[in-house]
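**Q** Please read through the structure below; I'll follow up with questions.
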Amino acid sequence: MTDWIDVCDANALVNKENITADVDGTEVAIFNIEGKFYAIEDVCSHDGAEVASGELVGDEIVCPRHSARFCVKTGEVKCAPAYENIDTFPVRVNEGRLEVRDGRWD
């Protein structure tokens, strides 16, 4: 089981914003959507590009390279050219700090 990684003050990430963080060697994008936090691997399953700089439309991030869409809540692919989901990560607020961990290997 991996440790929780401190990312930032929870109040620093306003609605519809995201931040990226290295979580045990994996680049992760953390999103604030209406006060709830979600984290996905910052990689498009179509071509390996980062997705965090794409446009957030509702709860979907649009890959800036080829417009594949992923649900930031579930990692589910919503639009081609991607066909594989991307990984999600647990997020919590602990004493006012936003924390993420990689639970894929637990």
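Labeling convention for the structure tokens: chains A, B, ... as they appear, residues from 1 per chain, ligands from 1 in order of appearance.
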Find the residues near segment 90-101 of chain A: any atom within 7 Å, counting only C-alpha atoms, skip ones fewer than 6 places away on the same chain, and give them as a PyMOL selection string.

**A** chain A and resi 2-10+23+37-39

**Q** If we count only C-alpha atoms, what is near Cys44 of chain A at a cut-off of 9 Å, once residues fewer than 2 positions away on the same chain are taken out, given as an mmCIF file with N, CA and C atoms, in the first residue's frame?

**A**
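Contents of the output file around_4.cif:
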```
data_model
loop_
_atom_site.group_PDB
_atom_site.id
_atom_site.type_symbol
_atom_site.label_atom_id
_atom_site.label_comp_id
_atom_site.auth_asym_id
_atom_site.auth_seq_id
_atom_site.Cartn_x
_atom_site.Cartn_y
_atom_site.Cartn_z
ATOM 1 N N GLU A 41 -5.002 9.461 -14.006
ATOM 2 C CA GLU A 41 -3.660 9.483 -14.568
ATOM 3 C C GLU A 41 -3.629 10.513 -15.691
ATOM 4 N N ASP A 42 -2.595 11.327 -15.702
ATOM 5 C CA ASP A 42 -2.496 12.412 -16.677
ATOM 6 C C ASP A 42 -1.890 11.887 -17.975
ATOM 7 N N HIS A 46 -4.975 6.934 -25.784
ATOM 8 C CA HIS A 46 -4.850 6.863 -27.242
ATOM 9 C C HIS A 46 -3.402 6.979 -27.691
ATOM 10 N N ASP A 47 -2.692 7.992 -27.187
ATOM 11 C CA ASP A 47 -1.325 8.191 -27.684
ATOM 12 C C ASP A 47 -0.306 8.561 -26.611
ATOM 13 N N GLY A 48 -0.697 8.520 -25.340
ATOM 14 C CA GLY A 48 0.250 8.781 -24.254
ATOM 15 C C GLY A 48 0.478 10.243 -23.933
ATOM 16 N N ALA A 49 -0.226 11.146 -24.595
ATOM 17 C CA ALA A 49 -0.074 12.576 -24.306
ATOM 18 C C ALA A 49 -0.734 12.915 -22.979
ATOM 19 N N GLU A 50 -0.339 14.044 -22.408
ATOM 20 C CA GLU A 50 -0.989 14.496 -21.175
ATOM 21 C C GLU A 50 -2.382 15.011 -21.511
ATOM 22 N N VAL A 51 -3.285 14.953 -20.537
ATOM 23 C CA VAL A 51 -4.651 15.420 -20.760
ATOM 24 C C VAL A 51 -5.043 16.615 -19.900
ATOM 25 N N CYS A 63 -8.933 15.601 -24.371
ATOM 26 C CA CYS A 63 -7.502 15.553 -24.670
ATOM 27 C C CYS A 63 -7.150 16.658 -25.663
ATOM 28 N N ALA A 68 -9.988 13.091 -27.689
ATOM 29 C CA ALA A 68 -10.590 11.993 -26.929
ATOM 30 C C ALA A 68 -11.121 12.583 -25.632
ATOM 31 N N ARG A 69 -12.172 11.984 -25.083
ATOM 32 C CA ARG A 69 -12.758 12.477 -23.835
ATOM 33 C C ARG A 69 -12.737 11.378 -22.788
ATOM 34 N N PHE A 70 -12.491 11.805 -21.529
ATOM 35 C CA PHE A 70 -12.476 10.890 -20.398
ATOM 36 C C PHE A 70 -13.258 11.494 -19.241
ATOM 37 N N ALA A 82 -9.669 7.454 -28.454
ATOM 38 C CA ALA A 82 -9.267 6.552 -27.366
ATOM 39 C C ALA A 82 -10.338 5.479 -27.186
ATOM 40 N N GLU A 84 -9.532 2.900 -24.517
ATOM 41 C CA GLU A 84 -9.223 2.327 -23.208
ATOM 42 C C GLU A 84 -9.375 3.385 -22.130
ATOM 43 N N ASN A 85 -9.945 2.983 -20.996
ATOM 44 C CA ASN A 85 -10.088 3.883 -19.851
ATOM 45 C C ASN A 85 -8.721 4.255 -19.303
ATOM 46 N N ILE A 86 -8.684 5.311 -18.495
ATOM 47 C CA ILE A 86 -7.454 5.668 -17.786
ATOM 48 C C ILE A 86 -7.675 5.471 -16.290
#
```

**Q** Just give me the gap between atom CA of Cys71 of chain A and atom CA of Gly58 of chain A in Å, one decimal is fine.

**A**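 Rounded to one decimal, the two atoms are 9.0 Å apart.
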
**Q** Quick one: pull the distance between atom CA of Ala52 of chain A and atom CA of Val28 of chain A, Å, one decimal.

**A**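 Taking atom CA of Ala52 of chain A as the start and atom CA of Val28 of chain A as the end point, the length is 8.6 Å.
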
**Q** Looking at A:Ser67, A:Thr20, A:Asn11, A:Thr74, which one is nearest to Gly35 of chain A, with distances taken over only C-alpha atoms?

**A**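 Closest to Gly35 of chain A of all the choices is A:Asn11.
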
**Q** Just the strand (DSSP E) stuff from chain A, please, per backbone DSSP, written as a PyMOL selection string.

**A** chain A and resi 5-9+18-23+26-33+36-41+55-57+60-62+69-71+77-79+88-89+91-94+97-100

**Q** Work out how far atom CA of Trp105 of chain A is from atom CA of Ser53 of chain A, in Å to one decimal.

**A**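 Taking atom CA of Ser53 of chain A as the start and atom CA of Trp105 of chain A as the end point, the length is 27.0 Å.
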
**Q** Pick from A:Phe31, A:Lys16, A:Val57, A:Val62: nearest to Ala80 of chain A, with only C-alpha atoms counted?

**A** A:Val62
